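Peer 1: Sharing a structure here in structure tokens format.
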Amino acid sequence: MRKSGGSWLLFVVLISSCTTQKKYPAGLFSVDSLITAQATFLSEHQTALVKSTGLGSRKDQTTSVPEDVVAWKKELEIFSALDAINKPVNRTLYKTEIKSDSKSNLKVKSFTTEEKSLPVRFIKIYYQDVPGKIRLIEAQYEESNPLFRSIRSLMMEFQDINNKTLLTSYSILGGQKMFLGDTVQYRVIGALTIRN
């Protein structure tokens with residue numbers, strides 16, 4: 001009886017190990033996961049946001065405490081567009097490279113493409129020692145159609161606070177040229193104050 005029980009357990013283990021789940025290739029860099037994790041932490045710690053905006057010569061500044069994870073995700077929504085590098089049809093069109101940064105003690109993992117049809121031209125992830133210790137993300141996002149052309153430089157800065165890698169500032173700098181119109185320059189700069 002004991003022997004057959006052991007055989008049954010062995011049978012179940014063998015069957016479950018033989019069952020294969022369909023595996024999908026991992027993405028290049030999980031932007032959505034990063035934003036979700038940051039939004040959750042920032043919401044839990046009632047992080048204050050000082051946001052400076054500019055459109056042409058017009059400038060504005062606001063201070064707020066986004067009320068929940070949804071509000072933080074909306075605040076960082078523009079960075080979610082970078083997740084386009086993870087679409088299965090796009091992944092193979094990016095060249096991945098890791099090298100030391102010449103201006104700091106950081107490593108840089110970059111994803112670049114020459115493919116003009118892809119909106120994310122590059123992402124550079126600066127990290128300290130290990131990829132999880134991100135210090136800076138730089139990216140360029142381009143859109144164009146017959147009516148306009150837009151180029152955005154996106155940046156997120158991180159610091160190690162209480163053994164956690166946390167977003168401390170971000171910026172969006174760009175220009176948009178309308179068909180038969182002038183180029184409009186805009187900028188958004190966010191500075192975060194994390195409450196313990």
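Residue numbering restarts at 1 for every chain of the structure tokens, chains are lettered A, B, ... in their displayed order, and ligands are numbered from 1 as they appear.
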Applying 10 Å and only C-alpha atoms, which residues near A:Leu55 remain after dropping the ones on its own chain fewer than 2 positions away? List them as JSON, numbers by chain.
Peer 2: {"A": [53, 57, 58, 59, 60, 174, 175, 184, 185, 186, 187, 188]}
Peer 1: Might you pull out every residue within 9 Å of stretch 75-78 of chain A, with only C-alpha atoms counted and same-chain residues fewer than 4 positions away left off, and present them as a list in words?
Peer 2: Ile35, Ala39, Pro66, Val70, Ala71, Leu82, Leu154, Tyr170 and Ile172 of chain A
Peer 1: Find the distance between atom CA of A:Lys124 and atom CA of A:Leu166 and write it in Å to one decimal.
Peer 2: 17.3 Å
Peer 1: Excluding A:Asn86 and its own-chain neighbours fewer than 6 positions away, which residues fall within 8 Å of it when counting only C-alpha atoms? Please give them as a compact mmCIF listing (two decimals) with C-alpha atoms, in the first residue's frame.
Peer 2:
```
# COMPACT_ATOMS: atom_id res chain seq x y z
CA GLY A 27 10.68 41.19 -23.57
CA LEU A 28 13.70 43.45 -23.89
CA PHE A 29 12.87 45.62 -20.85
CA SER A 30 9.62 45.55 -18.88
```
Peer 1: What does the distance between atom CA of A:Gly181 and atom CA of A:Tyr141 come to in Å, to one decimal place?
Peer 2: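 Rounded to one decimal, the two atoms are 20.9 Å apart.
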Peer 1: Determine the nearest neighbour of A:Asp101 from the options A:Thr113, A:Ser43, A:Ser52, A:Gln128, counting only C-alpha atoms.
Peer 2: A:Gln128
Peer 1: As an mmCIF file with N, CA, C and O atoms, in the first residue's frame, please: every residue in chain A that DSSP puts in strand (DSSP E or B).
Peer 2:
```
data_model
loop_
_atom_site.group_PDB
_atom_site.id
_atom_site.type_symbol
_atom_site.label_atom_id
_atom_site.label_comp_id
_atom_site.auth_asym_id
_atom_site.auth_seq_id
_atom_site.Cartn_x
_atom_site.Cartn_y
_atom_site.Cartn_z
ATOM 1 N N ALA A 48 5.055 63.609 -2.910
ATOM 2 C CA ALA A 48 4.679 64.914 -3.463
ATOM 3 C C ALA A 48 5.368 65.103 -4.811
ATOM 4 O O ALA A 48 6.506 64.673 -5.005
ATOM 5 N N LEU A 49 4.668 65.740 -5.724
ATOM 6 C CA LEU A 49 5.175 65.992 -7.063
ATOM 7 C C LEU A 49 5.132 67.483 -7.371
ATOM 8 O O LEU A 49 4.083 68.117 -7.288
ATOM 9 N N VAL A 50 6.306 68.035 -7.699
ATOM 10 C CA VAL A 50 6.377 69.406 -8.192
ATOM 11 C C VAL A 50 6.613 69.301 -9.690
ATOM 12 O O VAL A 50 7.633 68.774 -10.133
ATOM 13 N N LYS A 51 5.639 69.769 -10.465
ATOM 14 C CA LYS A 51 5.708 69.623 -11.915
ATOM 15 C C LYS A 51 5.794 70.982 -12.584
ATOM 16 O O LYS A 51 4.941 71.838 -12.391
ATOM 17 N N SER A 52 6.864 71.163 -13.363
ATOM 18 C CA SER A 52 7.056 72.385 -14.141
ATOM 19 C C SER A 52 6.771 72.067 -15.596
ATOM 20 O O SER A 52 7.297 71.098 -16.132
ATOM 21 N N THR A 53 5.942 72.874 -16.216
ATOM 22 C CA THR A 53 5.603 72.650 -17.621
ATOM 23 C C THR A 53 5.875 73.913 -18.421
ATOM 24 O O THR A 53 5.841 75.026 -17.892
ATOM 25 N N GLY A 54 6.147 73.719 -19.676
ATOM 26 C CA GLY A 54 6.365 74.848 -20.561
ATOM 27 C C GLY A 54 5.904 74.516 -21.962
ATOM 28 O O GLY A 54 6.096 73.401 -22.443
ATOM 29 N N LEU A 55 5.262 75.468 -22.582
ATOM 30 C CA LEU A 55 4.821 75.332 -23.969
ATOM 31 C C LEU A 55 5.204 76.625 -24.673
ATOM 32 O O LEU A 55 4.637 77.685 -24.397
ATOM 33 N N ARG A 58 5.481 79.998 -22.629
ATOM 34 C CA ARG A 58 4.584 79.925 -21.473
ATOM 35 C C ARG A 58 5.083 78.894 -20.473
ATOM 36 O O ARG A 58 5.424 77.771 -20.845
ATOM 37 N N LYS A 59 5.132 79.259 -19.173
ATOM 38 C CA LYS A 59 5.617 78.351 -18.132
ATOM 39 C C LYS A 59 4.592 78.250 -17.010
ATOM 40 O O LYS A 59 3.850 79.191 -16.745
ATOM 41 N N ASP A 60 4.591 77.097 -16.351
ATOM 42 C CA ASP A 60 3.656 76.877 -15.248
ATOM 43 C C ASP A 60 4.289 75.898 -14.269
ATOM 44 O O ASP A 60 5.138 75.092 -14.656
ATOM 45 N N GLN A 61 3.876 75.966 -13.010
ATOM 46 C CA GLN A 61 4.366 75.014 -12.008
ATOM 47 C C GLN A 61 3.252 74.666 -11.044
ATOM 48 O O GLN A 61 2.503 75.541 -10.606
ATOM 49 N N THR A 62 3.124 73.380 -10.744
ATOM 50 C CA THR A 62 2.098 72.922 -9.802
ATOM 51 C C THR A 62 2.735 71.957 -8.798
ATOM 52 O O THR A 62 3.726 71.293 -9.098
ATOM 53 N N THR A 63 2.133 71.906 -7.613
ATOM 54 C CA THR A 63 2.543 70.940 -6.582
ATOM 55 C C THR A 63 1.319 70.124 -6.210
ATOM 56 O O THR A 63 0.242 70.679 -5.982
ATOM 57 N N SER A 64 1.488 68.800 -6.179
ATOM 58 C CA SER A 64 0.358 67.929 -5.849
ATOM 59 C C SER A 64 0.859 66.651 -5.190
ATOM 60 O O SER A 64 2.051 66.357 -5.202
ATOM 61 N N LYS A 95 18.948 46.472 -31.532
ATOM 62 C CA LYS A 95 20.282 45.977 -31.195
ATOM 63 C C LYS A 95 20.506 46.238 -29.708
ATOM 64 O O LYS A 95 20.306 47.344 -29.219
ATOM 65 N N THR A 96 20.912 45.201 -28.977
ATOM 66 C CA THR A 96 21.171 45.318 -27.543
ATOM 67 C C THR A 96 22.671 45.385 -27.304
ATOM 68 O O THR A 96 23.430 44.612 -27.877
ATOM 69 N N GLU A 97 23.068 46.323 -26.452
ATOM 70 C CA GLU A 97 24.490 46.500 -26.170
ATOM 71 C C GLU A 97 24.665 46.896 -24.707
ATOM 72 O O GLU A 97 23.864 47.654 -24.164
ATOM 73 N N ILE A 98 25.698 46.358 -24.061
ATOM 74 C CA ILE A 98 26.032 46.730 -22.683
ATOM 75 C C ILE A 98 27.461 47.233 -22.674
ATOM 76 O O ILE A 98 28.363 46.575 -23.193
ATOM 77 N N LYS A 99 27.652 48.421 -22.076
ATOM 78 C CA LYS A 99 29.008 48.966 -21.978
ATOM 79 C C LYS A 99 29.108 49.863 -20.752
ATOM 80 O O LYS A 99 28.099 50.206 -20.126
ATOM 81 N N SER A 100 30.320 50.255 -20.403
ATOM 82 C CA SER A 100 30.541 51.166 -19.279
ATOM 83 C C SER A 100 30.304 52.595 -19.746
ATOM 84 O O SER A 100 30.663 52.957 -20.866
ATOM 85 N N LYS A 107 27.031 51.220 -15.609
ATOM 86 C CA LYS A 107 26.940 50.444 -16.844
ATOM 87 C C LYS A 107 25.731 50.963 -17.617
ATOM 88 O O LYS A 107 24.783 51.483 -17.030
ATOM 89 N N VAL A 108 25.760 50.800 -18.928
ATOM 90 C CA VAL A 108 24.645 51.245 -19.774
ATOM 91 C C VAL A 108 24.192 50.090 -20.647
ATOM 92 O O VAL A 108 24.981 49.521 -21.404
ATOM 93 N N LYS A 109 22.920 49.749 -20.506
ATOM 94 C CA LYS A 109 22.322 48.749 -21.399
ATOM 95 C C LYS A 109 21.442 49.520 -22.373
ATOM 96 O O LYS A 109 20.531 50.243 -21.957
ATOM 97 N N SER A 110 21.735 49.402 -23.657
ATOM 98 C CA SER A 110 20.982 50.181 -24.635
ATOM 99 C C SER A 110 20.289 49.282 -25.652
ATOM 100 O O SER A 110 20.784 48.209 -25.992
ATOM 101 N N PHE A 111 19.132 49.749 -26.081
ATOM 102 C CA PHE A 111 18.358 49.112 -27.145
ATOM 103 C C PHE A 111 18.184 50.174 -28.221
ATOM 104 O O PHE A 111 17.550 51.205 -27.980
ATOM 105 N N THR A 112 18.748 49.963 -29.389
ATOM 106 C CA THR A 112 18.681 50.956 -30.461
ATOM 107 C C THR A 112 18.189 50.311 -31.749
ATOM 108 O O THR A 112 18.372 49.109 -31.965
ATOM 109 N N VAL A 120 9.935 54.030 -30.890
ATOM 110 C CA VAL A 120 11.003 54.099 -29.895
ATOM 111 C C VAL A 120 12.335 53.952 -30.621
ATOM 112 O O VAL A 120 12.683 52.873 -31.089
ATOM 113 N N ARG A 121 13.074 55.054 -30.720
ATOM 114 C CA ARG A 121 14.344 55.035 -31.449
ATOM 115 C C ARG A 121 15.444 54.389 -30.619
ATOM 116 O O ARG A 121 16.282 53.670 -31.140
ATOM 117 N N PHE A 122 15.450 54.696 -29.312
ATOM 118 C CA PHE A 122 16.401 54.039 -28.415
ATOM 119 C C PHE A 122 15.933 54.147 -26.972
ATOM 120 O O PHE A 122 15.146 55.022 -26.618
ATOM 121 N N ILE A 123 16.425 53.212 -26.169
ATOM 122 C CA ILE A 123 16.300 53.279 -24.708
ATOM 123 C C ILE A 123 17.680 52.966 -24.155
ATOM 124 O O ILE A 123 18.311 51.985 -24.555
ATOM 125 N N LYS A 124 18.136 53.809 -23.222
ATOM 126 C CA LYS A 124 19.399 53.557 -22.527
ATOM 127 C C LYS A 124 19.103 53.457 -21.041
ATOM 128 O O LYS A 124 18.500 54.365 -20.467
ATOM 129 N N ILE A 125 19.526 52.352 -20.444
ATOM 130 C CA ILE A 125 19.303 52.120 -19.021
ATOM 131 C C ILE A 125 20.654 52.145 -18.323
ATOM 132 O O ILE A 125 21.509 51.292 -18.576
ATOM 133 N N TYR A 126 20.853 53.147 -17.476
ATOM 134 C CA TYR A 126 22.091 53.285 -16.720
ATOM 135 C C TYR A 126 21.874 52.622 -15.355
ATOM 136 O O TYR A 126 20.902 52.942 -14.663
ATOM 137 N N TYR A 127 22.764 51.713 -14.988
ATOM 138 C CA TYR A 127 22.602 51.026 -13.706
ATOM 139 C C TYR A 127 23.933 50.880 -12.986
ATOM 140 O O TYR A 127 25.000 50.949 -13.584
ATOM 141 N N ILE A 134 18.811 50.555 -11.121
ATOM 142 C CA ILE A 134 18.703 51.559 -12.180
ATOM 143 C C ILE A 134 18.932 52.952 -11.587
ATOM 144 O O ILE A 134 18.432 53.271 -10.509
ATOM 145 N N ARG A 135 19.677 53.758 -12.306
ATOM 146 C CA ARG A 135 19.911 55.141 -11.887
ATOM 147 C C ARG A 135 19.333 56.146 -12.880
ATOM 148 O O ARG A 135 18.977 57.253 -12.504
ATOM 149 N N LEU A 136 19.236 55.743 -14.138
ATOM 150 C CA LEU A 136 18.754 56.665 -15.156
ATOM 151 C C LEU A 136 18.233 55.881 -16.360
ATOM 152 O O LEU A 136 18.825 54.870 -16.746
ATOM 153 N N ILE A 137 17.132 56.352 -16.921
ATOM 154 C CA ILE A 137 16.619 55.819 -18.183
ATOM 155 C C ILE A 137 16.463 56.995 -19.137
ATOM 156 O O ILE A 137 15.834 58.002 -18.798
ATOM 157 N N GLU A 138 17.058 56.875 -20.310
ATOM 158 C CA GLU A 138 16.917 57.878 -21.362
ATOM 159 C C GLU A 138 16.306 57.193 -22.575
ATOM 160 O O GLU A 138 16.649 56.061 -22.879
ATOM 161 N N ALA A 139 15.427 57.892 -23.258
ATOM 162 C CA ALA A 139 14.801 57.310 -24.452
ATOM 163 C C ALA A 139 14.383 58.410 -25.405
ATOM 164 O O ALA A 139 14.208 59.568 -25.011
ATOM 165 N N GLN A 140 14.218 58.016 -26.658
ATOM 166 C CA GLN A 140 13.694 58.940 -27.664
ATOM 167 C C GLN A 140 12.507 58.275 -28.344
ATOM 168 O O GLN A 140 12.587 57.117 -28.754
ATOM 169 N N TYR A 141 11.414 59.027 -28.418
ATOM 170 C CA TYR A 141 10.172 58.537 -29.000
ATOM 171 C C TYR A 141 9.761 59.472 -30.124
ATOM 172 O O TYR A 141 9.692 60.688 -29.936
ATOM 173 N N GLU A 142 9.506 58.922 -31.299
ATOM 174 C CA GLU A 142 9.142 59.731 -32.461
ATOM 175 C C GLU A 142 7.825 59.245 -33.057
ATOM 176 O O GLU A 142 7.580 58.052 -33.136
ATOM 177 N N GLU A 143 7.018 60.192 -33.456
ATOM 178 C CA GLU A 143 5.769 59.893 -34.166
ATOM 179 C C GLU A 143 5.686 60.804 -35.381
ATOM 180 O O GLU A 143 6.055 61.975 -35.302
ATOM 181 N N SER A 144 5.195 60.276 -36.460
ATOM 182 C CA SER A 144 4.952 61.159 -37.606
ATOM 183 C C SER A 144 3.839 60.590 -38.467
ATOM 184 O O SER A 144 3.637 59.381 -38.533
ATOM 185 N N PHE A 148 1.562 65.785 -38.776
ATOM 186 C CA PHE A 148 2.540 66.318 -37.835
ATOM 187 C C PHE A 148 3.698 65.344 -37.641
ATOM 188 O O PHE A 148 3.620 64.171 -37.983
ATOM 189 N N ARG A 149 4.768 65.887 -37.046
ATOM 190 C CA ARG A 149 5.923 65.087 -36.646
ATOM 191 C C ARG A 149 6.294 65.507 -35.236
ATOM 192 O O ARG A 149 6.409 66.699 -34.942
ATOM 193 N N SER A 150 6.467 64.533 -34.353
ATOM 194 C CA SER A 150 6.764 64.818 -32.957
ATOM 195 C C SER A 150 7.964 63.987 -32.507
ATOM 196 O O SER A 150 8.049 62.794 -32.803
ATOM 197 N N ILE A 151 8.894 64.626 -31.817
ATOM 198 C CA ILE A 151 10.046 63.935 -31.235
ATOM 199 C C ILE A 151 10.092 64.278 -29.758
ATOM 200 O O ILE A 151 10.032 65.451 -29.374
ATOM 201 N N ARG A 152 10.190 63.243 -28.908
ATOM 202 C CA ARG A 152 10.253 63.453 -27.465
ATOM 203 C C ARG A 152 11.497 62.792 -26.894
ATOM 204 O O ARG A 152 11.797 61.641 -27.207
ATOM 205 N N SER A 153 12.191 63.522 -26.032
ATOM 206 C CA SER A 153 13.289 62.944 -25.258
ATOM 207 C C SER A 153 12.743 62.702 -23.859
ATOM 208 O O SER A 153 12.265 63.634 -23.194
ATOM 209 N N LEU A 154 12.779 61.450 -23.426
ATOM 210 C CA LEU A 154 12.218 61.068 -22.138
ATOM 211 C C LEU A 154 13.344 60.667 -21.183
ATOM 212 O O LEU A 154 14.293 59.996 -21.594
ATOM 213 N N MET A 155 13.215 61.060 -19.934
ATOM 214 C CA MET A 155 14.225 60.708 -18.953
ATOM 215 C C MET A 155 13.579 60.443 -17.599
ATOM 216 O O MET A 155 12.666 61.165 -17.190
ATOM 217 N N MET A 156 14.058 59.395 -16.925
ATOM 218 C CA MET A 156 13.638 59.088 -15.560
ATOM 219 C C MET A 156 14.902 58.895 -14.731
ATOM 220 O O MET A 156 15.796 58.151 -15.130
ATOM 221 N N GLU A 157 14.967 59.571 -13.578
ATOM 222 C CA GLU A 157 16.116 59.422 -12.685
ATOM 223 C C GLU A 157 15.699 58.688 -11.422
ATOM 224 O O GLU A 157 14.603 58.927 -10.896
ATOM 225 N N PHE A 158 16.585 57.824 -10.940
ATOM 226 C CA PHE A 158 16.307 56.985 -9.776
ATOM 227 C C PHE A 158 17.420 57.126 -8.743
ATOM 228 O O PHE A 158 18.565 57.404 -9.099
ATOM 229 N N GLN A 159 17.054 56.903 -7.484
ATOM 230 C CA GLN A 159 18.039 56.858 -6.408
ATOM 231 C C GLN A 159 17.749 55.660 -5.528
ATOM 232 O O GLN A 159 16.615 55.154 -5.488
ATOM 233 N N ASP A 160 18.771 55.225 -4.807
ATOM 234 C CA ASP A 160 18.609 54.143 -3.842
ATOM 235 C C ASP A 160 18.192 54.769 -2.522
ATOM 236 O O ASP A 160 18.978 55.475 -1.893
ATOM 237 N N ILE A 161 16.945 54.552 -2.130
ATOM 238 C CA ILE A 161 16.419 55.103 -0.882
ATOM 239 C C ILE A 161 15.917 53.956 -0.030
ATOM 240 O O ILE A 161 15.016 53.210 -0.436
ATOM 241 N N LYS A 164 15.797 50.646 -1.724
ATOM 242 C CA LYS A 164 14.848 50.510 -2.826
ATOM 243 C C LYS A 164 15.248 51.478 -3.934
ATOM 244 O O LYS A 164 15.635 52.608 -3.660
ATOM 245 N N THR A 165 15.124 51.024 -5.167
ATOM 246 C CA THR A 165 15.397 51.885 -6.308
ATOM 247 C C THR A 165 14.126 52.659 -6.627
ATOM 248 O O THR A 165 13.131 52.066 -7.040
ATOM 249 N N LEU A 166 14.166 53.972 -6.399
ATOM 250 C CA LEU A 166 12.946 54.775 -6.508
ATOM 251 C C LEU A 166 13.111 55.945 -7.467
ATOM 252 O O LEU A 166 14.167 56.576 -7.532
ATOM 253 N N LEU A 167 12.040 56.227 -8.174
ATOM 254 C CA LEU A 167 11.998 57.358 -9.093
ATOM 255 C C LEU A 167 12.035 58.658 -8.294
ATOM 256 O O LEU A 167 11.251 58.838 -7.360
ATOM 257 N N THR A 168 12.951 59.563 -8.652
ATOM 258 C CA THR A 168 13.052 60.846 -7.946
ATOM 259 C C THR A 168 12.783 62.043 -8.862
ATOM 260 O O THR A 168 12.486 63.125 -8.377
ATOM 261 N N SER A 169 12.915 61.851 -10.174
ATOM 262 C CA SER A 169 12.579 62.935 -11.098
ATOM 263 C C SER A 169 12.386 62.366 -12.502
ATOM 264 O O SER A 169 12.813 61.247 -12.794
ATOM 265 N N TYR A 170 11.731 63.155 -13.332
ATOM 266 C CA TYR A 170 11.557 62.763 -14.729
ATOM 267 C C TYR A 170 11.439 64.016 -15.589
ATOM 268 O O TYR A 170 11.164 65.100 -15.094
ATOM 269 N N SER A 171 11.682 63.839 -16.865
ATOM 270 C CA SER A 171 11.501 64.968 -17.785
ATOM 271 C C SER A 171 11.063 64.475 -19.150
ATOM 272 O O SER A 171 11.388 63.359 -19.567
ATOM 273 N N ILE A 172 10.296 65.311 -19.809
ATOM 274 C CA ILE A 172 9.838 65.072 -21.176
ATOM 275 C C ILE A 172 10.121 66.359 -21.942
ATOM 276 O O ILE A 172 9.552 67.413 -21.615
ATOM 277 N N LEU A 173 11.011 66.294 -22.885
ATOM 278 C CA LEU A 173 11.351 67.459 -23.699
ATOM 279 C C LEU A 173 11.040 67.120 -25.141
ATOM 280 O O LEU A 173 11.401 66.033 -25.612
ATOM 281 N N GLY A 174 10.383 68.013 -25.831
ATOM 282 C CA GLY A 174 10.036 67.663 -27.203
ATOM 283 C C GLY A 174 9.625 68.839 -28.052
ATOM 284 O O GLY A 174 9.562 69.979 -27.614
ATOM 285 N N GLY A 175 9.348 68.488 -29.271
ATOM 286 C CA GLY A 175 8.862 69.459 -30.234
ATOM 287 C C GLY A 175 7.888 68.782 -31.175
ATOM 288 O O GLY A 175 8.005 67.589 -31.447
ATOM 289 N N GLN A 176 6.907 69.541 -31.626
ATOM 290 C CA GLN A 176 5.920 69.003 -32.555
ATOM 291 C C GLN A 176 5.749 69.981 -33.705
ATOM 292 O O GLN A 176 5.482 71.160 -33.483
ATOM 293 N N LYS A 177 5.942 69.491 -34.895
ATOM 294 C CA LYS A 177 5.790 70.338 -36.088
ATOM 295 C C LYS A 177 4.531 69.926 -36.825
ATOM 296 O O LYS A 177 4.377 68.783 -37.239
ATOM 297 N N MET A 178 3.621 70.862 -36.947
ATOM 298 C CA MET A 178 2.387 70.610 -37.685
ATOM 299 C C MET A 178 2.655 70.824 -39.171
ATOM 300 O O MET A 178 3.521 71.602 -39.560
ATOM 301 N N THR A 183 7.150 74.763 -35.505
ATOM 302 C CA THR A 183 7.427 73.745 -34.494
ATOM 303 C C THR A 183 7.129 74.330 -33.123
ATOM 304 O O THR A 183 7.558 75.437 -32.794
ATOM 305 N N VAL A 184 6.379 73.593 -32.332
ATOM 306 C CA VAL A 184 6.052 74.000 -30.964
ATOM 307 C C VAL A 184 6.918 73.187 -30.019
ATOM 308 O O VAL A 184 6.902 71.956 -30.055
ATOM 309 N N GLN A 185 7.693 73.874 -29.161
ATOM 310 C CA GLN A 185 8.537 73.195 -28.183
ATOM 311 C C GLN A 185 7.772 73.081 -26.866
ATOM 312 O O GLN A 185 7.076 74.007 -26.461
ATOM 313 N N TYR A 186 7.928 71.953 -26.182
ATOM 314 C CA TYR A 186 7.280 71.775 -24.886
ATOM 315 C C TYR A 186 8.201 71.009 -23.958
ATOM 316 O O TYR A 186 9.116 70.314 -24.381
ATOM 317 N N ARG A 187 7.950 71.144 -22.678
ATOM 318 C CA ARG A 187 8.739 70.438 -21.681
ATOM 319 C C ARG A 187 7.899 70.192 -20.435
ATOM 320 O O ARG A 187 7.052 71.019 -20.062
ATOM 321 N N VAL A 188 8.149 69.063 -19.807
ATOM 322 C CA VAL A 188 7.525 68.714 -18.536
ATOM 323 C C VAL A 188 8.643 68.169 -17.653
ATOM 324 O O VAL A 188 9.352 67.239 -18.045
ATOM 325 N N ILE A 189 8.802 68.757 -16.483
ATOM 326 C CA ILE A 189 9.832 68.299 -15.557
ATOM 327 C C ILE A 189 9.167 68.024 -14.216
ATOM 328 O O ILE A 189 8.482 68.897 -13.660
ATOM 329 N N GLY A 190 9.342 66.815 -13.711
ATOM 330 C CA GLY A 190 8.741 66.438 -12.441
ATOM 331 C C GLY A 190 9.812 66.143 -11.404
ATOM 332 O O GLY A 190 10.769 65.416 -11.683
ATOM 333 N N ALA A 191 9.665 66.715 -10.208
ATOM 334 C CA ALA A 191 10.563 66.433 -9.089
ATOM 335 C C ALA A 191 9.736 65.820 -7.968
ATOM 336 O O ALA A 191 8.702 66.377 -7.574
ATOM 337 N N LEU A 192 10.172 64.669 -7.462
ATOM 338 C CA LEU A 192 9.395 63.930 -6.479
ATOM 339 C C LEU A 192 10.053 64.007 -5.107
ATOM 340 O O LEU A 192 11.271 63.922 -4.987
ATOM 341 N N THR A 193 9.221 64.164 -4.083
ATOM 342 C CA THR A 193 9.678 64.140 -2.699
ATOM 343 C C THR A 193 8.980 62.985 -2.011
ATOM 344 O O THR A 193 7.767 63.022 -1.788
#
```
Peer 1: Given only C-alpha atoms as the basis, pick out the residue of A:Asn163, A:Gln46, A:Asn145, A:Ser80 nearest to A:Leu34.
Peer 2: A:Ser80
Peer 1: Please measure the separation of atom CA of A:Thr47 and atom CA of A:Lys73, giving the value in Å to one decimal.
Peer 2: 13.2 Å
Peer 1: Identify all residues of stretch 19-185 of chain A in helix (DSSP H, G or I) (DSSP on the backbone) and supply them as a PyMOL selection string.
Peer 2: chain A and resi 31-44+69-75+77-86+88-91
